[in-house]
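Below is one structure; the comments refer to it alone.
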Amino acid sequence: MLKGVIFDMDGVIINSEPVHYEAYRQVLEELGCEEEYTYEIYQKTVGSTQYRVVEEIINRFGLTLSVEEIQARGLKKQSEIFKTEGYPPVPGAVELIRKLHNAGLKLAVASSSVEALIEESIRGIGVTEYFDRMVSADTLDKPKPEPDVFLLAAQELGLSPDECIIIEDSENGVLAAKAAGIPCVGYINPDSGKQNLSAADILVEGFEEIDEEFMVRVWKRAHGEP
């Protein structure tokens, strides 16, 4: 029986990938990098932890600063952008979260972002009260596409993987869901780049028509139930 829904955050709840990109673009600009950091370059790291994103930046641009220092600068820029421009929710995400909560399902966020940013973002769009748990993969040894963050989220909800379903927008996230043995709804977000979501149980282009009944049908089909 479906009892819990696990949401990825960036690109599923908050349309934050453009903000993350702009933050690191500004950091690189301040460091005087001659090569342009394009959105296409950033999109190749969508679904990775912030640590992995920064590792890629350092390697590509030959920076001598540590991952921690670049990450701290990037997070500071992200926070400044969010405070100035607000938190851009994915269309229909807030309504879906409310629907699923009101239907009695347990909800969790399982994100590759750092814990502070998860809490700040979820609070920024006013849905903190609907989530039972918020889990970050940033401190885990094995981030997505490994299943660890989703298995931890299910555990934190007090549920088995068989009782959950996941909503993801990245290839790494979908692969992590499948590795966890949890059915997955793949959300096609254009701002997340050309993600291969073919391993998802179903693909959607929006959340407006999705509700608890839809999620139960996907879960049942994934488990071979009528």
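Identifiers in the structure tokens: chain A, B, ... in order shown; residue index from 1 per chain; ligand index from 1 in order shown.
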Contacts of range 114-124 of chain A within 8 Å, only C-alpha atoms, excl. fewer than 3 positions in-chain, as number ranges by chain
A: 9, 14, 50, 86-87, 111, 127-128, 134-139
Using the selection just defined, write its residues with all heavy atoms as a compact mmCIF listing (two decimals), in the first residue's frame.
```txt
# COMPACT_ATOMS: atom_id res chain seq x y z
N MET A 9 14.00 18.01 -4.67
CA MET A 9 13.65 19.41 -4.48
C MET A 9 13.95 20.27 -5.71
O MET A 9 13.05 20.84 -6.32
CB MET A 9 14.37 20.01 -3.28
CG MET A 9 13.94 21.45 -2.98
SD MET A 9 14.78 22.19 -1.57
CE MET A 9 16.39 22.54 -2.28
N ILE A 14 11.20 23.35 -6.25
CA ILE A 14 11.71 24.69 -6.53
C ILE A 14 12.39 24.67 -7.90
O ILE A 14 13.22 23.80 -8.16
CB ILE A 14 12.76 25.12 -5.47
CG1 ILE A 14 12.18 25.03 -4.07
CG2 ILE A 14 13.25 26.54 -5.76
CD1 ILE A 14 11.16 26.08 -3.74
N GLN A 50 25.93 19.46 -4.45
CA GLN A 50 26.65 20.72 -4.64
C GLN A 50 28.16 20.46 -4.61
O GLN A 50 28.92 21.10 -5.35
CB GLN A 50 26.27 21.70 -3.52
CG GLN A 50 24.82 22.16 -3.58
CD GLN A 50 24.64 23.43 -4.37
OE1 GLN A 50 25.44 24.34 -4.29
NE2 GLN A 50 23.58 23.50 -5.14
N GLY A 86 13.04 35.99 -4.67
CA GLY A 86 12.06 35.03 -4.17
C GLY A 86 12.38 33.61 -4.59
O GLY A 86 13.31 33.37 -5.35
N TYR A 87 11.58 32.68 -4.09
CA TYR A 87 11.77 31.26 -4.39
C TYR A 87 10.79 30.85 -5.48
O TYR A 87 9.57 30.90 -5.26
CB TYR A 87 11.56 30.42 -3.13
CG TYR A 87 12.58 30.70 -2.07
CD1 TYR A 87 12.43 31.78 -1.20
CD2 TYR A 87 13.71 29.90 -1.94
CE1 TYR A 87 13.39 32.06 -0.23
CE2 TYR A 87 14.67 30.17 -0.97
CZ TYR A 87 14.50 31.25 -0.13
OH TYR A 87 15.44 31.51 0.83
N SER A 111 16.99 15.48 -1.19
CA SER A 111 17.66 16.36 -2.15
C SER A 111 19.17 16.24 -2.06
O SER A 111 19.72 15.89 -1.02
CB SER A 111 17.24 17.81 -1.90
OG SER A 111 18.01 18.71 -2.65
N VAL A 127 5.71 25.61 2.45
CA VAL A 127 5.16 24.25 2.52
C VAL A 127 5.83 23.39 3.59
O VAL A 127 5.64 22.17 3.62
CB VAL A 127 5.25 23.53 1.14
CG1 VAL A 127 4.34 24.21 0.13
CG2 VAL A 127 6.69 23.49 0.64
N THR A 128 6.58 24.02 4.48
CA THR A 128 7.30 23.27 5.53
C THR A 128 6.36 22.37 6.33
O THR A 128 6.69 21.22 6.64
CB THR A 128 8.02 24.24 6.49
OG1 THR A 128 8.93 25.04 5.74
CG2 THR A 128 8.78 23.47 7.55
N MET A 134 12.97 16.04 5.95
CA MET A 134 13.79 16.63 4.90
C MET A 134 15.18 16.01 5.02
O MET A 134 15.80 16.11 6.07
CB MET A 134 13.86 18.15 5.03
CG MET A 134 12.53 18.84 4.91
SD MET A 134 12.67 20.64 5.01
CE MET A 134 10.95 21.07 5.39
N VAL A 135 15.64 15.38 3.95
CA VAL A 135 16.90 14.64 3.99
C VAL A 135 17.84 15.16 2.91
O VAL A 135 17.44 15.35 1.76
CB VAL A 135 16.63 13.13 3.76
CG1 VAL A 135 17.94 12.35 3.78
CG2 VAL A 135 15.67 12.58 4.81
N SER A 136 19.09 15.39 3.30
CA SER A 136 20.11 15.87 2.36
C SER A 136 21.10 14.75 2.04
O SER A 136 21.54 14.02 2.93
CB SER A 136 20.86 17.06 2.94
OG SER A 136 21.99 17.38 2.16
N ALA A 137 21.47 14.65 0.75
CA ALA A 137 22.49 13.68 0.34
C ALA A 137 23.88 14.26 0.42
O ALA A 137 24.87 13.56 0.18
CB ALA A 137 22.21 13.22 -1.09
N ASP A 138 23.96 15.55 0.77
CA ASP A 138 25.24 16.24 0.72
C ASP A 138 26.28 15.64 1.66
O ASP A 138 27.48 15.69 1.38
CB ASP A 138 25.05 17.72 1.05
CG ASP A 138 26.27 18.55 0.74
OD1 ASP A 138 26.63 18.64 -0.45
OD2 ASP A 138 26.87 19.10 1.68
N THR A 139 25.83 15.06 2.76
CA THR A 139 26.78 14.49 3.73
C THR A 139 26.91 12.97 3.59
O THR A 139 27.66 12.35 4.35
CB THR A 139 26.34 14.82 5.16
OG1 THR A 139 25.02 14.33 5.38
CG2 THR A 139 26.36 16.33 5.40
```
Fewer than 6 positions away in the same chain doesn't count, so skip those; otherwise give me all residues within 6 Å of range 167-183 of chain A, counting only C-alpha atoms, as JSON, numbers by chain.
{"A": [7, 8, 47, 144, 145, 146, 147, 161, 195, 196, 197, 200]}
Only all heavy atoms, please: the residues just picked out, written as a PDB file, in the first residue's frame.
```
ATOM      1  N   PHE A   7       9.895  13.556  -2.501  1.00  0.00           N
ATOM      2  CA  PHE A   7      10.144  14.562  -3.531  1.00  0.00           C
ATOM      3  C   PHE A   7      11.626  14.904  -3.618  1.00  0.00           C
ATOM      4  O   PHE A   7      12.265  15.178  -2.594  1.00  0.00           O
ATOM      5  CB  PHE A   7       9.421  15.882  -3.194  1.00  0.00           C
ATOM      6  CG  PHE A   7       7.931  15.878  -3.379  1.00  0.00           C
ATOM      7  CD1 PHE A   7       7.098  15.277  -2.448  1.00  0.00           C
ATOM      8  CD2 PHE A   7       7.360  16.516  -4.473  1.00  0.00           C
ATOM      9  CE1 PHE A   7       5.718  15.309  -2.597  1.00  0.00           C
ATOM     10  CE2 PHE A   7       5.985  16.547  -4.634  1.00  0.00           C
ATOM     11  CZ  PHE A   7       5.167  15.943  -3.705  1.00  0.00           C
ATOM     12  N   ASP A   8      12.167  14.915  -4.824  1.00  0.00           N
ATOM     13  CA  ASP A   8      13.402  15.652  -5.038  1.00  0.00           C
ATOM     14  C   ASP A   8      13.024  17.124  -4.896  1.00  0.00           C
ATOM     15  O   ASP A   8      11.842  17.470  -4.997  1.00  0.00           O
ATOM     16  CB  ASP A   8      13.944  15.365  -6.440  1.00  0.00           C
ATOM     17  CG  ASP A   8      15.168  16.192  -6.777  1.00  0.00           C
ATOM     18  OD1 ASP A   8      16.055  16.322  -5.921  1.00  0.00           O
ATOM     19  OD2 ASP A   8      15.225  16.719  -7.896  1.00  0.00           O
ATOM     20  N   GLY A  47      21.398  17.098 -10.749  1.00  0.00           N
ATOM     21  CA  GLY A  47      21.158  15.836 -10.053  1.00  0.00           C
ATOM     22  C   GLY A  47      22.313  15.429  -9.157  1.00  0.00           C
ATOM     23  O   GLY A  47      22.180  14.519  -8.340  1.00  0.00           O
ATOM     24  N   LYS A 144      23.249  10.452  -5.196  1.00  0.00           N
ATOM     25  CA  LYS A 144      22.612   9.973  -6.421  1.00  0.00           C
ATOM     26  C   LYS A 144      23.664   9.899  -7.532  1.00  0.00           C
ATOM     27  O   LYS A 144      24.514  10.775  -7.608  1.00  0.00           O
ATOM     28  CB  LYS A 144      21.483  10.924  -6.842  1.00  0.00           C
ATOM     29  CG  LYS A 144      20.410  11.149  -5.794  1.00  0.00           C
ATOM     30  CD  LYS A 144      19.439  12.262  -6.236  1.00  0.00           C
ATOM     31  CE  LYS A 144      18.469  12.627  -5.138  1.00  0.00           C
ATOM     32  NZ  LYS A 144      17.583  13.733  -5.516  1.00  0.00           N
ATOM     33  N   PRO A 145      23.677   8.857  -8.352  1.00  0.00           N
ATOM     34  CA  PRO A 145      22.621   7.869  -8.608  1.00  0.00           C
ATOM     35  C   PRO A 145      22.578   6.669  -7.670  1.00  0.00           C
ATOM     36  O   PRO A 145      21.856   5.718  -7.942  1.00  0.00           O
ATOM     37  CB  PRO A 145      22.944   7.412 -10.039  1.00  0.00           C
ATOM     38  CG  PRO A 145      24.438   7.501 -10.103  1.00  0.00           C
ATOM     39  CD  PRO A 145      24.783   8.735  -9.319  1.00  0.00           C
ATOM     40  N   GLU A 146      23.353   6.698  -6.595  1.00  0.00           N
ATOM     41  CA  GLU A 146      23.222   5.646  -5.582  1.00  0.00           C
ATOM     42  C   GLU A 146      21.919   5.878  -4.810  1.00  0.00           C
ATOM     43  O   GLU A 146      21.441   7.010  -4.701  1.00  0.00           O
ATOM     44  CB  GLU A 146      24.416   5.667  -4.635  1.00  0.00           C
ATOM     45  CG  GLU A 146      25.749   5.382  -5.312  1.00  0.00           C
ATOM     46  CD  GLU A 146      25.799   4.013  -5.954  1.00  0.00           C
ATOM     47  OE1 GLU A 146      25.211   3.063  -5.393  1.00  0.00           O
ATOM     48  OE2 GLU A 146      26.413   3.889  -7.028  1.00  0.00           O
ATOM     49  N   PRO A 147      21.333   4.825  -4.254  1.00  0.00           N
ATOM     50  CA  PRO A 147      19.995   4.926  -3.653  1.00  0.00           C
ATOM     51  C   PRO A 147      19.948   5.452  -2.223  1.00  0.00           C
ATOM     52  O   PRO A 147      18.864   5.630  -1.666  1.00  0.00           O
ATOM     53  CB  PRO A 147      19.512   3.480  -3.683  1.00  0.00           C
ATOM     54  CG  PRO A 147      20.763   2.675  -3.499  1.00  0.00           C
ATOM     55  CD  PRO A 147      21.821   3.430  -4.280  1.00  0.00           C
ATOM     56  N   PRO A 161      10.726   0.858   1.599  1.00  0.00           N
ATOM     57  CA  PRO A 161      10.744   1.328   0.211  1.00  0.00           C
ATOM     58  C   PRO A 161       9.508   0.896  -0.574  1.00  0.00           C
ATOM     59  O   PRO A 161       9.048   1.623  -1.459  1.00  0.00           O
ATOM     60  CB  PRO A 161      12.019   0.687  -0.355  1.00  0.00           C
ATOM     61  CG  PRO A 161      12.915   0.556   0.835  1.00  0.00           C
ATOM     62  CD  PRO A 161      11.989   0.185   1.974  1.00  0.00           C
ATOM     63  N   GLN A 195      17.655  15.534 -19.741  1.00  0.00           N
ATOM     64  CA  GLN A 195      17.820  14.414 -18.819  1.00  0.00           C
ATOM     65  C   GLN A 195      17.192  13.146 -19.393  1.00  0.00           C
ATOM     66  O   GLN A 195      16.094  13.181 -19.937  1.00  0.00           O
ATOM     67  CB  GLN A 195      17.176  14.739 -17.474  1.00  0.00           C
ATOM     68  CG  GLN A 195      17.747  15.957 -16.780  1.00  0.00           C
ATOM     69  CD  GLN A 195      19.154  15.735 -16.275  1.00  0.00           C
ATOM     70  OE1 GLN A 195      19.463  14.668 -15.716  1.00  0.00           O
ATOM     71  NE2 GLN A 195      20.017  16.720 -16.455  1.00  0.00           N
ATOM     72  N   ASN A 196      17.881  12.039 -19.259  1.00  0.00           N
ATOM     73  CA  ASN A 196      17.340  10.752 -19.686  1.00  0.00           C
ATOM     74  C   ASN A 196      16.524  10.161 -18.539  1.00  0.00           C
ATOM     75  O   ASN A 196      17.077   9.606 -17.590  1.00  0.00           O
ATOM     76  CB  ASN A 196      18.474   9.806 -20.077  1.00  0.00           C
ATOM     77  CG  ASN A 196      17.964   8.446 -20.537  1.00  0.00           C
ATOM     78  OD1 ASN A 196      16.753   8.215 -20.612  1.00  0.00           O
ATOM     79  ND2 ASN A 196      18.871   7.546 -20.854  1.00  0.00           N
ATOM     80  N   LEU A 197      15.216  10.303 -18.647  1.00  0.00           N
ATOM     81  CA  LEU A 197      14.316   9.835 -17.591  1.00  0.00           C
ATOM     82  C   LEU A 197      13.618   8.532 -17.970  1.00  0.00           C
ATOM     83  O   LEU A 197      12.612   8.158 -17.376  1.00  0.00           O
ATOM     84  CB  LEU A 197      13.259  10.910 -17.297  1.00  0.00           C
ATOM     85  CG  LEU A 197      13.772  12.311 -16.963  1.00  0.00           C
ATOM     86  CD1 LEU A 197      12.596  13.255 -16.724  1.00  0.00           C
ATOM     87  CD2 LEU A 197      14.696  12.288 -15.758  1.00  0.00           C
ATOM     88  N   ALA A 200      12.202   5.898 -15.504  1.00  0.00           N
ATOM     89  CA  ALA A 200      11.057   6.205 -14.631  1.00  0.00           C
ATOM     90  C   ALA A 200       9.856   5.346 -15.010  1.00  0.00           C
ATOM     91  O   ALA A 200       9.734   4.884 -16.151  1.00  0.00           O
ATOM     92  CB  ALA A 200      10.705   7.679 -14.726  1.00  0.00           C
TER      93      ALA A 200
END
```
Residue neighbourhood range 31-35 of chain A, 12 Å, only C-alpha atoms, exclusion window fewer than 6 positions, as a PyMOL selection string:
chain A and resi 24-25+41+57-58+60-65+70+73
Would you mind exporting the chosen residues as a short mmCIF file (atom, residue, chain, number, x, y, z; two decimals), in the first residue's frame, restricted to N, CA and C atoms?
```
data_model
loop_
_atom_site.label_atom_id
_atom_site.label_comp_id
_atom_site.auth_asym_id
_atom_site.auth_seq_id
_atom_site.Cartn_x
_atom_site.Cartn_y
_atom_site.Cartn_z
N TYR A 24 26.93 30.30 -9.36
CA TYR A 24 28.29 29.87 -9.66
C TYR A 24 28.89 30.66 -10.83
N ARG A 25 28.05 31.10 -11.75
CA ARG A 25 28.55 31.95 -12.84
C ARG A 25 29.12 33.25 -12.27
N ILE A 41 26.86 23.80 -19.79
CA ILE A 41 27.88 23.14 -18.97
C ILE A 41 27.30 22.77 -17.62
N ILE A 57 33.50 22.18 -11.46
CA ILE A 57 33.88 23.56 -11.77
C ILE A 57 35.38 23.76 -11.56
N ILE A 58 35.88 23.27 -10.43
CA ILE A 58 37.31 23.42 -10.12
C ILE A 58 38.17 22.73 -11.16
N ARG A 60 37.35 21.90 -14.28
CA ARG A 60 37.19 22.48 -15.61
C ARG A 60 37.95 23.79 -15.75
N PHE A 61 37.90 24.61 -14.70
CA PHE A 61 38.49 25.95 -14.80
C PHE A 61 39.86 26.06 -14.12
N GLY A 62 40.36 24.94 -13.62
CA GLY A 62 41.69 24.92 -13.04
C GLY A 62 41.85 25.83 -11.84
N LEU A 63 40.85 25.85 -10.97
CA LEU A 63 40.89 26.74 -9.80
C LEU A 63 41.76 26.14 -8.70
N THR A 64 42.36 27.01 -7.92
CA THR A 64 43.21 26.56 -6.82
C THR A 64 42.49 26.61 -5.47
N LEU A 65 41.33 27.24 -5.43
CA LEU A 65 40.55 27.30 -4.20
C LEU A 65 39.95 25.93 -3.89
N ILE A 70 34.71 27.44 -2.61
CA ILE A 70 33.87 27.76 -3.76
C ILE A 70 32.41 27.48 -3.43
N ARG A 73 30.97 30.23 -1.27
CA ARG A 73 30.69 31.42 -2.07
C ARG A 73 29.43 31.23 -2.92
#
```
Pull the helix (DSSP H, G or I) assignments for range 9-178 of chain A out of DSSP run on the backbone, and list those residues as a ChimeraX atom specification.
/A:17-30,39-43,50-61,67-85,93-102,115-124,128-130,148-157,161-163,171-178
Take the selection from the previous step and output its residues with C-alpha atoms, as a compact mmCIF listing (two decimals), in the first residue's frame.
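Now in part.txt:
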```txt
# COMPACT_ATOMS: atom_id res chain seq x y z
CA GLU A 17 18.54 25.10 -11.28
CA PRO A 18 18.79 28.49 -13.08
CA VAL A 19 19.50 30.13 -9.70
CA HIS A 20 22.25 27.63 -8.84
CA TYR A 21 23.81 28.20 -12.24
CA GLU A 22 23.71 31.99 -11.94
CA ALA A 23 25.28 31.85 -8.48
CA TYR A 24 28.29 29.87 -9.66
CA ARG A 25 28.55 31.95 -12.84
CA GLN A 26 28.88 35.05 -10.67
CA VAL A 27 31.48 33.36 -8.48
CA LEU A 28 33.58 32.43 -11.52
CA GLU A 29 33.20 35.93 -12.93
CA GLU A 30 34.51 37.41 -9.67
CA TYR A 39 24.09 26.92 -18.70
CA GLU A 40 24.74 23.92 -20.96
CA ILE A 41 27.88 23.14 -18.97
CA TYR A 42 25.97 23.44 -15.69
CA GLN A 43 23.12 21.22 -16.88
CA GLN A 50 26.65 20.72 -4.64
CA TYR A 51 30.03 19.23 -3.70
CA ARG A 52 30.22 17.31 -6.99
CA VAL A 53 29.08 20.38 -8.95
CA VAL A 54 31.90 22.42 -7.43
CA GLU A 55 34.44 19.64 -8.04
CA GLU A 56 33.52 19.76 -11.73
CA ILE A 57 33.88 23.56 -11.77
CA ILE A 58 37.31 23.42 -10.12
CA ASN A 59 38.57 20.76 -12.52
CA ARG A 60 37.19 22.48 -15.61
CA PHE A 61 38.49 25.95 -14.80
CA VAL A 67 35.71 22.83 -2.87
CA GLU A 68 34.52 24.13 0.50
CA GLU A 69 35.48 27.73 -0.31
CA ILE A 70 33.87 27.76 -3.76
CA GLN A 71 30.78 26.02 -2.36
CA ALA A 72 30.48 28.58 0.44
CA ARG A 73 30.69 31.42 -2.07
CA GLY A 74 28.12 29.75 -4.31
CA LEU A 75 25.67 29.14 -1.46
CA LYS A 76 26.03 32.77 -0.36
CA LYS A 77 25.23 33.95 -3.88
CA GLN A 78 22.25 31.58 -4.11
CA SER A 79 20.86 32.87 -0.84
CA GLU A 80 21.25 36.48 -2.04
CA ILE A 81 19.43 35.73 -5.30
CA PHE A 82 16.59 33.93 -3.52
CA LYS A 83 16.18 36.75 -1.01
CA THR A 84 16.09 39.33 -3.81
CA GLU A 85 13.97 37.47 -6.36
CA ALA A 93 4.11 21.72 -7.07
CA VAL A 94 2.67 23.54 -4.05
CA GLU A 95 -0.87 22.42 -4.90
CA LEU A 96 0.29 18.82 -5.39
CA ILE A 97 2.09 18.81 -2.04
CA ARG A 98 -1.09 20.02 -0.32
CA LYS A 99 -3.25 17.44 -2.11
CA LEU A 100 -1.01 14.54 -1.13
CA HIS A 101 -0.71 15.74 2.47
CA ASN A 102 -4.46 16.18 2.77
CA GLU A 115 20.42 20.77 4.51
CA ALA A 116 20.30 24.52 5.21
CA LEU A 117 19.33 25.29 1.61
CA ILE A 118 16.62 22.62 1.64
CA GLU A 119 15.04 24.06 4.77
CA GLU A 120 15.38 27.63 3.51
CA SER A 121 13.81 26.81 0.14
CA ILE A 122 10.90 24.77 1.50
CA ARG A 123 10.18 27.50 4.03
CA GLY A 124 10.46 30.11 1.27
CA THR A 128 7.30 23.27 5.53
CA GLU A 129 4.26 22.14 7.52
CA TYR A 130 3.36 19.51 4.91
CA ASP A 148 21.20 5.97 -0.19
CA VAL A 149 19.32 9.28 0.15
CA PHE A 150 15.99 7.73 -0.86
CA LEU A 151 16.43 4.73 1.40
CA LEU A 152 17.25 7.10 4.26
CA ALA A 153 14.18 9.23 3.48
CA ALA A 154 11.92 6.16 3.57
CA GLN A 155 13.50 5.11 6.86
CA GLU A 156 13.03 8.59 8.31
CA LEU A 157 9.34 8.41 7.35
CA PRO A 161 10.74 1.33 0.21
CA ASP A 162 7.78 -0.79 -0.93
CA GLU A 163 5.42 1.78 0.62
CA GLU A 171 18.67 11.06 -14.69
CA ASN A 172 20.77 10.56 -11.56
CA GLY A 173 17.65 10.86 -9.43
CA VAL A 174 15.63 8.38 -11.47
CA LEU A 175 18.51 5.89 -11.41
CA ALA A 176 18.76 6.33 -7.64
CA ALA A 177 15.04 5.66 -7.27
CA LYS A 178 15.26 2.49 -9.32
```
Residues near range 88-92 of chain A, cut-off 7 Å, only C-alpha atoms, skip fewer than 3 positions along chain, as a PyMOL selection string:
chain A and resi 11-16+95-96+125+207-208
